[in-house]
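Undergrad: Sharing query.pdb below, PDB, C-alpha atoms and all ligand atoms:
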MODEL        1
ATOM      1  CA  MET Z   1      88.112 288.837 125.064
ATOM      2  CA  ALA Z   2      85.378 291.143 126.261
ATOM      3  CA  GLN Z   3      84.694 291.069 129.991
ATOM      4  CA  PRO Z   4      81.239 289.693 130.827
ATOM      5  CA  ARG Z   5      78.917 292.498 131.926
ATOM      6  CA  ILE Z   6      78.415 293.328 135.562
ATOM      7  CA  GLN Z   7      74.796 293.156 136.741
ATOM      8  CA  TYR Z   8      73.935 296.281 138.750
ATOM      9  CA  LYS Z   9      71.053 295.551 141.079
ATOM     10  CA  THR Z  10      68.218 297.868 142.126
ATOM     11  CA  ASN Z  11      67.627 298.420 145.850
ATOM     12  CA  ALA Z  12      64.535 296.198 145.645
ATOM     13  CA  GLN Z  13      66.580 293.396 144.090
ATOM     14  CA  MET Z  14      69.258 293.767 146.764
ATOM     15  CA  ARG Z  15      66.596 293.646 149.469
ATOM     16  CA  THR Z  16      65.451 290.300 148.032
ATOM     17  CA  MET Z  17      69.086 289.151 148.097
ATOM     18  CA  ARG Z  18      69.107 290.084 151.791
ATOM     19  CA  GLU Z  19      66.144 287.728 152.258
ATOM     20  CA  ALA Z  20      68.182 284.985 150.565
ATOM     21  CA  GLY Z  21      71.037 285.956 152.887
ATOM     22  CA  LEU Z  22      68.881 285.657 156.018
ATOM     23  CA  VAL Z  23      67.736 282.157 155.029
ATOM     24  CA  LEU Z  24      71.358 281.206 154.378
ATOM     25  CA  ILE Z  25      72.437 282.505 157.808
ATOM     26  CA  LYS Z  26      69.866 280.216 159.452
ATOM     27  CA  ALA Z  27      70.856 277.209 157.343
ATOM     28  CA  LEU Z  28      74.580 277.712 158.020
ATOM     29  CA  ASP Z  29      73.857 278.254 161.735
ATOM     30  CA  ALA Z  30      72.073 274.880 161.808
ATOM     31  CA  ALA Z  31      74.833 273.069 159.883
ATOM     32  CA  VAL Z  32      77.589 274.592 162.031
ATOM     33  CA  GLU Z  33      75.652 273.756 165.193
ATOM     34  CA  ALA Z  34      75.381 270.117 164.042
ATOM     35  CA  VAL Z  35      79.149 269.684 163.615
ATOM     36  CA  ARG Z  36      80.502 267.163 166.139
ATOM     37  CA  PRO Z  37      82.774 264.130 166.139
ATOM     38  CA  GLY Z  38      80.936 261.168 164.573
ATOM     39  CA  ILE Z  39      78.641 263.082 162.240
ATOM     40  CA  THR Z  40      78.959 262.572 158.487
ATOM     41  CA  THR Z  41      79.187 265.395 155.991
ATOM     42  CA  ALA Z  42      76.011 263.995 154.321
ATOM     43  CA  GLU Z  43      74.139 264.560 157.595
ATOM     44  CA  LEU Z  44      75.276 268.206 157.643
ATOM     45  CA  ASP Z  45      73.914 268.563 154.117
ATOM     46  CA  LYS Z  46      70.534 267.225 155.281
ATOM     47  CA  VAL Z  47      70.408 269.705 158.174
ATOM     48  CA  PHE Z  48      71.217 272.582 155.834
ATOM     49  CA  ALA Z  49      68.737 271.470 153.136
ATOM     50  CA  ALA Z  50      65.934 271.169 155.702
ATOM     51  CA  VAL Z  51      66.282 274.836 156.714
ATOM     52  CA  LEU Z  52      66.129 275.956 153.076
ATOM     53  CA  ALA Z  53      63.029 273.834 152.463
ATOM     54  CA  GLU Z  54      61.373 275.131 155.635
ATOM     55  CA  ALA Z  55      61.947 278.716 154.457
ATOM     56  CA  GLY Z  56      60.642 277.994 150.965
ATOM     57  CA  ALA Z  57      64.064 278.794 149.480
ATOM     58  CA  THR Z  58      65.919 276.705 146.926
ATOM     59  CA  SER Z  59      69.551 275.674 146.660
ATOM     60  CA  ASN Z  60      71.874 277.192 144.088
ATOM     61  CA  PHE Z  61      74.450 274.447 144.748
ATOM     62  CA  LEU Z  62      72.223 271.410 144.132
ATOM     63  CA  GLY Z  63      72.439 270.559 140.444
ATOM     64  CA  TYR Z  64      75.011 273.276 139.684
ATOM     65  CA  TYR Z  65      76.937 271.598 136.834
ATOM     66  CA  GLY Z  66      75.545 268.410 138.361
ATOM     67  CA  PHE Z  67      76.722 269.061 141.951
ATOM     68  CA  PRO Z  68      74.806 266.543 144.114
ATOM     69  CA  ALA Z  69      74.310 268.460 147.398
ATOM     70  CA  THR Z  70      73.208 271.782 148.918
ATOM     71  CA  ILE Z  71      76.567 272.520 150.572
ATOM     72  CA  CYS Z  72      80.221 271.935 149.873
ATOM     73  CA  THR Z  73      81.987 270.329 152.819
ATOM     74  CA  SER Z  74      85.755 270.660 152.564
ATOM     75  CA  VAL Z  75      87.662 268.857 155.310
ATOM     76  CA  ASN Z  76      91.333 269.356 156.261
ATOM     77  CA  GLU Z  77      93.451 269.318 153.068
ATOM     78  CA  GLU Z  78      90.299 269.755 150.979
ATOM     79  CA  VAL Z  79      90.221 273.353 149.828
ATOM     80  CA  VAL Z  80      86.809 273.798 148.182
ATOM     81  CA  HIS Z  81      83.969 271.904 146.486
ATOM     82  CA  GLY Z  82      84.101 268.855 148.778
ATOM     83  CA  ILE Z  83      81.016 266.676 148.268
ATOM     84  CA  PRO Z  84      79.015 265.690 151.370
ATOM     85  CA  GLY Z  85      78.966 261.933 151.850
ATOM     86  CA  SER Z  86      79.901 259.129 154.219
ATOM     87  CA  ARG Z  87      83.008 260.878 155.580
ATOM     88  CA  VAL Z  88      82.794 260.889 159.371
ATOM     89  CA  LEU Z  89      84.127 263.973 161.129
ATOM     90  CA  GLY Z  90      86.644 263.380 163.885
ATOM     91  CA  GLU Z  91      88.135 265.404 166.716
ATOM     92  CA  GLY Z  92      90.439 268.128 165.399
ATOM     93  CA  ASP Z  93      89.157 268.084 161.800
ATOM     94  CA  ILE Z  94      88.781 271.490 160.195
ATOM     95  CA  ILE Z  95      85.746 271.760 157.934
ATOM     96  CA  SER Z  96      84.629 274.585 155.658
ATOM     97  CA  ILE Z  97      80.906 274.608 154.952
ATOM     98  CA  ASP Z  98      79.968 276.610 151.862
ATOM     99  CA  GLY Z  99      76.320 277.037 150.939
ATOM    100  CA  GLY Z 100      73.828 279.244 149.190
ATOM    101  CA  ALA Z 101      70.123 280.020 148.991
ATOM    102  CA  VAL Z 102      67.823 281.422 146.324
ATOM    103  CA  VAL Z 103      64.721 283.491 147.123
ATOM    104  CA  ASN Z 104      62.510 284.667 144.235
ATOM    105  CA  GLY Z 105      65.400 284.164 141.816
ATOM    106  CA  TRP Z 106      68.008 286.096 143.825
ATOM    107  CA  HIS Z 107      71.066 284.375 145.249
ATOM    108  CA  SER Z 108      73.210 284.353 148.380
ATOM    109  CA  ASP Z 109      76.522 282.541 148.957
ATOM    110  CA  SER Z 110      78.479 282.226 152.207
ATOM    111  CA  ALA Z 111      81.002 279.909 153.856
ATOM    112  CA  ARG Z 112      82.220 279.343 157.393
ATOM    113  CA  THR Z 113      84.962 277.179 158.858
ATOM    114  CA  VAL Z 114      84.537 275.101 162.006
ATOM    115  CA  ILE Z 115      87.021 272.996 163.938
ATOM    116  CA  VAL Z 116      85.586 269.767 165.309
ATOM    117  CA  GLY Z 117      86.152 269.495 169.058
ATOM    118  CA  ALA Z 118      89.546 270.573 170.376
ATOM    119  CA  ALA Z 119      91.469 272.652 167.841
ATOM    120  CA  ASP Z 120      95.133 272.514 166.934
ATOM    121  CA  PRO Z 121      96.173 276.131 167.694
ATOM    122  CA  GLU Z 122      97.687 276.406 164.192
ATOM    123  CA  ASP Z 123      94.332 275.412 162.641
ATOM    124  CA  GLN Z 124      92.521 277.929 164.849
ATOM    125  CA  ARG Z 125      94.990 280.573 163.709
ATOM    126  CA  LEU Z 126      94.405 279.567 160.059
ATOM    127  CA  SER Z 127      90.649 279.990 160.482
ATOM    128  CA  ASP Z 128      90.918 283.255 162.438
ATOM    129  CA  VAL Z 129      93.309 284.833 159.942
ATOM    130  CA  THR Z 130      91.143 283.748 156.991
ATOM    131  CA  GLU Z 131      88.021 285.179 158.629
ATOM    132  CA  ASN Z 132      89.791 288.441 159.485
ATOM    133  CA  ALA Z 133      91.171 288.602 155.941
ATOM    134  CA  MET Z 134      87.605 288.337 154.628
ATOM    135  CA  TRP Z 135      86.519 291.244 156.862
ATOM    136  CA  HIS Z 136      89.455 293.350 155.675
ATOM    137  CA  GLY Z 137      88.360 292.596 152.101
ATOM    138  CA  ILE Z 138      84.776 293.552 152.932
ATOM    139  CA  ALA Z 139      85.944 296.814 154.540
ATOM    140  CA  ALA Z 140      87.857 297.587 151.345
ATOM    141  CA  ALA Z 141      84.619 297.147 149.365
ATOM    142  CA  ALA Z 142      83.276 300.066 151.459
ATOM    143  CA  LYS Z 143      86.398 302.242 151.552
ATOM    144  CA  GLY Z 144      88.069 301.394 148.237
ATOM    145  CA  ARG Z 145      87.446 302.625 144.704
ATOM    146  CA  PHE Z 146      88.102 299.495 142.666
ATOM    147  CA  VAL Z 147      87.345 295.777 142.987
ATOM    148  CA  GLY Z 148      91.115 295.224 143.059
ATOM    149  CA  ASP Z 149      91.275 297.099 146.381
ATOM    150  CA  ILE Z 150      89.551 294.082 147.988
ATOM    151  CA  GLY Z 151      92.291 291.637 147.040
ATOM    152  CA  ALA Z 152      94.958 294.141 147.985
ATOM    153  CA  ALA Z 153      93.404 294.513 151.470
ATOM    154  CA  VAL Z 154      93.196 290.729 151.937
ATOM    155  CA  ASP Z 155      96.805 290.325 150.804
ATOM    156  CA  ASP Z 156      98.130 293.210 152.931
ATOM    157  CA  TYR Z 157      96.373 291.910 156.024
ATOM    158  CA  VAL Z 158      97.555 288.304 155.581
ATOM    159  CA  SER Z 159     101.165 289.418 155.025
ATOM    160  CA  SER Z 160     100.983 291.670 158.110
ATOM    161  CA  VAL Z 161     100.085 288.801 160.469
ATOM    162  CA  PRO Z 162     103.055 287.875 162.658
ATOM    163  CA  GLY Z 163     104.240 284.260 162.860
ATOM    164  CA  LYS Z 164     104.392 281.516 160.275
ATOM    165  CA  PRO Z 165     103.248 282.874 156.888
ATOM    166  CA  LEU Z 166      99.961 281.536 155.461
ATOM    167  CA  GLY Z 167      99.388 281.117 151.725
ATOM    168  CA  ILE Z 168      96.544 282.757 149.783
ATOM    169  CA  LEU Z 169      95.115 280.488 147.102
ATOM    170  CA  GLU Z 170      95.067 282.030 143.648
ATOM    171  CA  ASP Z 171      93.252 279.248 141.751
ATOM    172  CA  TYR Z 172      89.852 280.147 143.280
ATOM    173  CA  VAL Z 173      88.440 283.640 143.659
ATOM    174  CA  GLY Z 174      85.331 285.539 144.700
ATOM    175  CA  HIS Z 175      82.724 286.759 142.239
ATOM    176  CA  GLY Z 176      79.775 288.947 141.472
ATOM    177  CA  ILE Z 177      76.411 287.542 142.609
ATOM    178  CA  GLY Z 178      72.781 288.388 141.786
ATOM    179  CA  SER Z 179      70.250 286.578 139.605
ATOM    180  CA  GLU Z 180      72.941 283.909 139.252
ATOM    181  CA  MET Z 181      75.387 282.665 141.860
ATOM    182  CA  HIS Z 182      78.509 283.317 139.816
ATOM    183  CA  GLN Z 183      78.708 286.562 137.866
ATOM    184  CA  ALA Z 184      81.294 289.107 136.790
ATOM    185  CA  PRO Z 185      83.545 290.470 138.127
ATOM    186  CA  ASP Z 186      86.163 288.118 139.558
ATOM    187  CA  VAL Z 187      87.180 289.194 143.060
ATOM    188  CA  LEU Z 188      90.798 288.187 143.584
ATOM    189  CA  ASN Z 189      92.186 287.597 147.066
ATOM    190  CA  TYR Z 190      95.621 289.009 146.325
ATOM    191  CA  ARG Z 191      97.277 292.183 145.081
ATOM    192  CA  THR Z 192      97.850 292.543 141.337
ATOM    193  CA  SER Z 193      98.616 295.417 138.971
ATOM    194  CA  HIS Z 194      95.012 295.250 137.654
ATOM    195  CA  ARG Z 195      92.750 297.458 139.713
ATOM    196  CA  GLY Z 196      89.628 295.864 138.176
ATOM    197  CA  PRO Z 197      86.254 297.548 137.658
ATOM    198  CA  LYS Z 198      85.134 300.492 139.746
ATOM    199  CA  LEU Z 199      83.176 299.698 142.929
ATOM    200  CA  LYS Z 200      79.686 301.063 142.237
ATOM    201  CA  PRO Z 201      76.242 301.020 143.821
ATOM    202  CA  GLY Z 202      74.247 298.001 142.657
ATOM    203  CA  MET Z 203      77.276 295.702 142.700
ATOM    204  CA  CYS Z 204      76.985 292.612 144.854
ATOM    205  CA  LEU Z 205      80.140 290.639 145.512
ATOM    206  CA  ALA Z 206      80.961 287.322 147.151
ATOM    207  CA  ILE Z 207      84.223 287.876 149.012
ATOM    208  CA  GLU Z 208      85.832 284.545 149.869
ATOM    209  CA  PRO Z 209      89.506 284.240 150.736
ATOM    210  CA  MET Z 210      90.946 280.725 150.923
ATOM    211  CA  LEU Z 211      94.123 280.321 152.948
ATOM    212  CA  VAL Z 212      96.479 277.382 153.457
ATOM    213  CA  ARG Z 213      99.107 276.441 156.005
ATOM    214  CA  GLY Z 214     101.398 275.135 153.232
ATOM    215  CA  GLY Z 215     101.928 275.714 149.508
ATOM    216  CA  ILE Z 216      99.206 277.244 147.338
ATOM    217  CA  GLU Z 217      99.268 274.538 144.661
ATOM    218  CA  THR Z 218      96.008 272.593 144.333
ATOM    219  CA  LYS Z 219      94.677 269.640 142.364
ATOM    220  CA  THR Z 220      91.185 268.266 141.695
ATOM    221  CA  LEU Z 221      90.359 264.725 142.807
ATOM    222  CA  GLU Z 222      88.846 262.042 140.550
ATOM    223  CA  ASP Z 223      85.315 262.984 141.620
ATOM    224  CA  ASP Z 224      85.924 266.075 139.425
ATOM    225  CA  TRP Z 225      84.850 268.358 142.279
ATOM    226  CA  THR Z 226      86.957 268.098 145.415
ATOM    227  CA  VAL Z 227      89.966 270.395 145.317
ATOM    228  CA  VAL Z 228      92.847 269.525 147.659
ATOM    229  CA  THR Z 229      96.186 271.102 148.431
ATOM    230  CA  THR Z 230      98.924 269.258 146.533
ATOM    231  CA  ASP Z 231     101.126 269.068 149.638
ATOM    232  CA  GLY Z 232      98.239 267.907 151.867
ATOM    233  CA  ALA Z 233      98.449 270.961 154.149
ATOM    234  CA  ARG Z 234      95.269 272.175 155.786
ATOM    235  CA  SER Z 235      93.091 274.789 154.181
ATOM    236  CA  CYS Z 236      90.279 277.123 155.152
ATOM    237  CA  GLN Z 237      87.615 279.316 153.575
ATOM    238  CA  TRP Z 238      85.332 282.085 154.811
ATOM    239  CA  GLU Z 239      82.838 283.885 152.595
ATOM    240  CA  HIS Z 240      80.172 286.570 152.715
ATOM    241  CA  SER Z 241      77.946 288.112 150.042
ATOM    242  CA  VAL Z 242      78.115 291.913 150.183
ATOM    243  CA  ALA Z 243      75.846 294.548 148.604
ATOM    244  CA  ILE Z 244      77.155 297.976 147.619
ATOM    245  CA  HIS Z 245      74.402 300.607 147.464
ATOM    246  CA  GLU Z 246      74.299 304.387 147.266
ATOM    247  CA  LYS Z 247      74.393 304.833 151.075
ATOM    248  CA  GLY Z 248      77.138 302.307 151.825
ATOM    249  CA  ILE Z 249      77.592 298.558 152.053
ATOM    250  CA  TRP Z 250      75.533 295.830 153.744
ATOM    251  CA  VAL Z 251      76.774 292.294 154.339
ATOM    252  CA  LEU Z 252      73.844 290.233 153.072
ATOM    253  CA  THR Z 253      74.895 287.040 154.864
ATOM    254  CA  ALA Z 254      75.755 288.532 158.295
ATOM    255  CA  PRO Z 255      72.911 288.946 160.833
ATOM    256  CA  ASP Z 256      73.934 292.539 161.658
ATOM    257  CA  GLY Z 257      74.968 293.446 158.107
ATOM    258  CA  GLY Z 258      78.571 293.221 159.264
ATOM    259  CA  ALA Z 259      78.323 296.026 161.873
ATOM    260  CA  SER Z 260      80.200 294.350 164.743
ATOM    261  CA  ARG Z 261      83.106 293.060 162.655
ATOM    262  CA  LEU Z 262      83.432 296.173 160.488
ATOM    263  CA  ALA Z 263      83.396 298.748 163.329
ATOM    264  CA  PRO Z 264      87.046 298.067 164.320
ATOM    265  CA  LEU Z 265      87.955 298.530 160.635
ATOM    266  CA  GLY Z 266      86.322 301.961 160.518
ATOM    267  CA  VAL Z 267      83.269 300.954 158.468
ATOM    268  CA  THR Z 268      79.613 301.369 159.478
ATOM    269  CA  PRO Z 269      77.401 299.246 157.245
ATOM    270  CA  VAL Z 270      74.038 300.712 156.200
ATOM    271  CA  PRO Z 271      70.872 298.691 155.502
ATOM    272  CA  ILE Z 272      69.748 298.730 151.866
ATOM    273  CA  PRO Z 273      67.331 301.666 151.408
TER     274      PRO Z 273
HETATM  275 MG    MG Z 301      80.458 279.855 148.372
HETATM  276 MG    MG Z 302      81.242 282.021 146.195
ENDMDL
END
For the file at hand, write its structure as structure tokens.
Ligand code: MG
Ligand code: MG

TA:
Amino acid sequence: MAQPRIQYKTNAQMRTMREAGLVLIKALDAAVEAVRPGITTAELDKVFAAVLAEAGATSNFLGYYGFPATICTSVNEEVVHGIPGSRVLGEGDIISIDGGAVVNGWHSDSARTVIVGAADPEDQRLSDVTENAMWHGIAAAAKGRFVGDIGAAVDDYVSSVPGKPLGILEDYVGHGIGSEMHQAPDVLNYRTSHRGPKLKPGMCLAIEPMLVRGGIETKTLEDDWTVVTTDGARSCQWEHSVAIHEKGIWVLTAPDGGASRLAPLGVTPVPIP
């Protein structure tokens, strides 16, 4: 089967994606800020949706294959695509909030993980390692030659972490992003023999490792959306949308373009010209 074509963006298009990224940063900030014991995931969705509306942006999640909310809220053993609803967050829950925004037809997509109240140190470690793995993947988008270098960097970093090994999910992967949320190419979070397409200016990629404390097998619940780990072990996701342009990379969904987190990895992000 032919690979779907990659959409290479102009600088102007990527600058509009940055606008969608800045709205998304604000909306995720508000949702993350609202997380506390006793709040429902539906309330977090409302907080997020209000920021999008205020900014005049639209949601790329709402209505996506019928998805009923503007964010995915995946709690504890839920891996991805959790639907906001009446679930009440409690002390020690680990929740991944994944959202997106559209400005003038151009998309952003980003996810953060928060632990409610006092964290189990193993959950904190899961979140920290997943976030660091994402940054290693992003650095590889700047330093590497092929899309496959991103997954290799994520994989190498996760296997280098001392202590109890964490699993990298293989069922869900990152993706190209642009005038649609999900585009070619797939961005795997693990090392394979396929190096994938060449990293080129105009490519925008959502880099989103998902890690688990147990086995990497998943199943989808009867709501046809919520994905959980089969063994019930806790799971975590972090995600950023990243633009590759002729002068370097810029993390569209990080306030500083990724500068502070990429410096220790030897990468200086450059704003889109
Ligand atoms: Mg996402
Ligand atoms: Mg995504």

Undergrad: What is the atom CA of Z:Asp156-atom CA of Z:Ile244 distance in Å, reported with one decimal?

TA: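 Computing the Euclidean distance for atom CA of Z:Asp156 and atom CA of Z:Ile244 yields 22.2 Å.
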
Undergrad: Identify all residues satisfying the PyMOL selection byres (((chain Z and resi 206-210) around 6) and not hetatm) in the given file; provide them as an MDAnalysis selection string.

TA: chainID Z and resid 134 169 174:175 189 205 211 236:241

Undergrad: Any residue with an atom at most 7 Å from ligand MG 301 (chain Z) counts, using only C-alpha atoms and all ligand atoms. Which are they? Put them as a count of residues only.

TA: 7

Undergrad: So which residues get picked by the PyMOL selection byres (((chain Z and resi 45) around 8) and not hetatm) here, written as a list in words?

TA: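 That expression, the PyMOL selection byres (((chain Z and resi 45) around 8) and not hetatm), corresponds here to Ala31, Thr41, Ala42, Glu43, Leu44, Lys46, Val47, Phe48, Ala49, Ala69, Thr70, Ile71 and Pro84 of chain Z.
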
Undergrad: Need the shell around stretch 86-96 of chain Z: protein/DNA/RNA residues with any atom at most 12 Å away, counting all atoms listed in the file. Skip same-chain ones fewer than 6 positions apart. Format as a ChimeraX atom specification?

TA: /Z:28,31-32,34-45,71-80,110-127,130-131,208-212,233-239

Undergrad: In Å to one decimal, how far is atom CA of Z:Val228 from atom CA of Z:Gly214?

TA: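 Result for atom CA of Z:Gly214 versus atom CA of Z:Val228: 11.6 Å, one decimal.
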
Undergrad: What does the distance from atom CA of Z:Pro255 to atom CA of Z:Ile25 come to in Å, to one decimal?

TA: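 Between atom CA of Z:Pro255 and atom CA of Z:Ile25 the gap is 7.1 Å.
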
Undergrad: Name the residues that the PyMOL selection byres (((chain Z and resi 264-271) around 6) and not hetatm) picks from the file above, as JSON, numbers by chain, using the file's chain letters and numbers.

TA: {"Z": [248, 249, 250, 259, 262, 263, 272]}

Undergrad: Which is closest to Z:Ile138 among Z:Val51, Z:Leu199, Z:Lys164, Z:Ile6, if we use only C-alpha atoms?

TA: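 For Z:Ile138, the nearest of the candidates is Z:Leu199.
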
Undergrad: Around all the atoms of stretch 251-260 of chain Z listed in the file, draw an axis-aligned box and extend it by 5 Å on each of the six sides; I want its centre and edge lengths in Å to one decimal, as JSON.

TA:
{"center_x": 76.6, "center_y": 291.5, "center_z": 158.9, "size_x": 17.3, "size_y": 19.0, "size_z": 21.7}

Undergrad: My list of candidates is Z:Tyr172, Z:Tyr157, Z:Phe146, Z:Trp135. Which is closest to ligand MG 302 (chain Z) when distances are computed with all atoms listed in the file?

TA: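 When distances to ligand MG 302 (chain Z) are compared using all atoms listed in the file, the smallest one comes from Z:Tyr172.
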
Undergrad: Given only C-alpha atoms and all ligand atoms as the basis, pick out the residue of Z:Leu252, Z:Met181, Z:Ala152, Z:Ala140 nearest to ligand MG 302 (chain Z).

TA: Z:Met181

Undergrad: Between Z:Glu170, Z:Val242, Z:Ser260, Z:Asp29, which one has atoms that come closest to Z:Thr229, using all atoms listed in the file?

TA: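 For Z:Thr229, the nearest of the given residues is Z:Glu170.
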
Undergrad: Which residues, written as a PyMOL selection string, have at least one atom at most 9 Å from Z:Pro165, with only C-alpha atoms counted and residues fewer than 3 positions away on the same chain left out?

TA: chain Z and resi 158-159+161-162+213-214

Undergrad: Which residue, Z:His81, Z:His182, Z:Arg15, Z:Lys143, has the smallest gap to ligand MG 302 (chain Z) when you use only C-alpha atoms and all ligand atoms?

TA: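 Smallest distance to ligand MG 302 (chain Z) is found for Z:His182.
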
Undergrad: May I ask which of the residues Z:Asp186, Z:Glu222, Z:Glu217, Z:Asp256 is the closest one to ligand MG 302 (chain Z), counting all atoms listed in the file?

TA: Z:Asp186

Undergrad: For Z:Gly105, please output as a PDB file with C-alpha atoms, keeping the file's coordinate frame all residues within 10 Å (counting only C-alpha atoms; exclusion window: fewer than 6 positions along the same chain).

TA:
ATOM      1  CA  GLN Z  13      66.580 293.396 144.090  1.00  0.00           C
ATOM      2  CA  THR Z  16      65.451 290.300 148.032  1.00  0.00           C
ATOM      3  CA  MET Z  17      69.086 289.151 148.097  1.00  0.00           C
ATOM      4  CA  ALA Z  20      68.182 284.985 150.565  1.00  0.00           C
ATOM      5  CA  ALA Z  57      64.064 278.794 149.480  1.00  0.00           C
ATOM      6  CA  THR Z  58      65.919 276.705 146.926  1.00  0.00           C
ATOM      7  CA  ASN Z  60      71.874 277.192 144.088  1.00  0.00           C
ATOM      8  CA  GLY Z 178      72.781 288.388 141.786  1.00  0.00           C
ATOM      9  CA  SER Z 179      70.250 286.578 139.605  1.00  0.00           C
ATOM     10  CA  GLU Z 180      72.941 283.909 139.252  1.00  0.00           C
TER      11      GLU Z 180
END

Undergrad: Set the distance at 6 Å and use only C-alpha atoms: which residues neighbour Z:Thr226 once local chain neighbours fewer than 3 positions away are removed? I'd like the list as an MDAnalysis selection string.

TA: chainID Z and resid 81:82 220:221

Undergrad: Excluding Z:Gly56 and any residue of its chain fewer than 4 positions from it, enumerate the residues within 10 Å of it, using only C-alpha atoms, and give them as a list of chain:residue names.

TA: Z:Val23, Z:Ala50, Z:Val51, Z:Leu52, Z:Ala101, Z:Val102, Z:Val103, Z:Asn104
